[in-house]
Amino acid sequence: MHQASLFAPTPQRFIADDEDGVYYLPGVFAADEAAQLFDSLLARAEWSACTRMMYERLVDVPRRIAAYRLDRDRLPPWLAQAAQRVSVRLDTPFNSVGLNLYRDGADSVALHNDKLRDLIPARPIAVLSLGAPRRMLLRAKRPPHRQWQVELEPGSLLVMSHASQRHYDHGIPKAPGVTAPRISLAFRVRPG
Ligand SMILES: O=C(O)CCC(=O)C(=O)O
Ligand SMILES: [Fe+2]
């Protein structure tokens, strides 16, 4: 076996398209790095509760969120370094990060696609997972709605092409039995 393959995790590709499709890269951050990043973010990020309109009612979003511009905001060095690692790894100039805190299995995000008008075409979205593993559901918008479930482990990246957002939805379903929190960081390339 070639030595490098011991350390280079094999990407697992679920969806192919004209760009890089949707794929999973485990072990981008080592367990201790992922744990440290998780602890720092849990304690230091500016988490907020949010509401949104649903069926003409204002409902709580079932998770906590935070967001930073990587090119403008003053970031703690450990967050800037993590972002830099993801940018280099995917050769993509990410300039924004959206954080999600799922306090336990009752927190979730409904199936959705990321809004294309806020994204630069042909640039991927990369989701870094920390804390408790949670399952992502990926689902084709068109019948017969082919679907995939991906267990997102701490330290992994789930990478989705810009193009994939037109044809597939993704979400983090509720997970009864999960008592530990998870944090995800969604890195994106946004217009100036
Ligand atoms: O937490 C995740 O893995 C997904 C988050 C997500 O889809 C988003 O922030 O748009
Ligand atoms: Fe999303």
# chains A, B, ... in the order shown; residues from 1 in each chain; ligands from 1
>>> select_by_dssp(residues="chain A", states="alpha helix (DSSP H)", output="NGL selection string")
:A and (31-44 or 77-90 or 164-167)
>>> write_last_selection(atoms="C-alpha atoms", output="short mmCIF file (atom, residue, chain, number, x, y, z; two decimals), in the first residue's frame")
data_model
loop_
_atom_site.label_atom_id
_atom_site.label_comp_id
_atom_site.auth_asym_id
_atom_site.auth_seq_id
_atom_site.Cartn_x
_atom_site.Cartn_y
_atom_site.Cartn_z
CA ALA A 31 -10.49 13.78 16.68
CA ASP A 32 -8.65 16.00 19.18
CA GLU A 33 -8.74 19.01 16.83
CA ALA A 34 -12.44 18.51 16.18
CA ALA A 35 -13.11 18.24 19.93
CA GLN A 36 -11.16 21.42 20.67
CA LEU A 37 -12.92 23.36 17.96
CA PHE A 38 -16.28 22.11 19.22
CA ASP A 39 -15.56 23.24 22.81
CA SER A 40 -14.34 26.66 21.68
CA LEU A 41 -17.34 27.28 19.43
CA LEU A 42 -19.86 26.06 21.97
CA ALA A 43 -18.45 28.46 24.56
CA ARG A 44 -17.53 31.43 22.38
CA PRO A 77 -7.51 32.73 15.44
CA TRP A 78 -8.61 29.10 15.91
CA LEU A 79 -11.72 29.73 13.78
CA ALA A 80 -9.72 31.57 11.10
CA GLN A 81 -7.25 28.67 11.02
CA ALA A 82 -9.98 26.05 10.69
CA ALA A 83 -11.57 28.03 7.85
CA GLN A 84 -8.20 28.34 6.15
CA ARG A 85 -7.69 24.58 6.39
CA VAL A 86 -11.05 23.93 4.69
CA SER A 87 -10.34 26.54 1.98
CA VAL A 88 -6.95 25.02 1.19
CA ARG A 89 -8.24 21.48 1.28
CA LEU A 90 -11.00 22.25 -1.24
CA SER A 164 -26.55 20.15 -6.69
CA GLN A 165 -28.68 22.74 -4.85
CA ARG A 166 -30.99 22.93 -7.85
CA HIS A 167 -31.80 19.23 -7.92
#
>>> residues_near_ligand(ligand="ligand 1", cutoff="9 Å", atoms="only C-alpha atoms and all ligand atoms", output="MDAnalysis selection string")
chainID A and resid 65 97:102 108:115 125 127:129 134:136 152 158 169:172 182:187
>>> select_by_dssp(residues="segment 6-191 of chain A", states="strand (DSSP E)", output="count of residues only")
69
>>> closest_residue(among="A:Arg103, A:Arg123, A:Arg52, A:Arg13", to="Val150 of chain A", atoms="only C-alpha atoms")
A:Arg13
>>> closest_residue(among="A:Leu137, A:Cys50, A:Ile120, A:Ala16", to="Ala66 of chain A", atoms="only C-alpha atoms")
A:Cys50
>>> closest_residue(among="A:Ala175, A:Met160, A:Ala122, A:Ala132", to="ligand 2", atoms="only C-alpha atoms and all ligand atoms")
A:Met160
>>> closest_residue(among="A:Pro154, A:Pro133, A:Pro173, A:Pro144", to="Pro62 of chain A", atoms="only C-alpha atoms")
A:Pro173
>>> closest_residue(among="A:Leu116, A:Pro121, A:Gly131, A:Val178", to="ligand 2", atoms="only C-alpha atoms and all ligand atoms")
A:Leu116
>>> atom_distance(atom1="atom CA of Gly155 of chain A", atom2="atom CA of Phe14 of chain A")
18.8 Å
>>> closest_residue(among="A:Ala180, A:Tyr68, A:Leu138, A:Ile15", to="ligand 2", atoms="only C-alpha atoms and all ligand atoms")
A:Leu138
>>> atom_distance(atom1="atom CA of Asp107 of chain A", atom2="atom CA of Arg139 of chain A")
19.5 Å
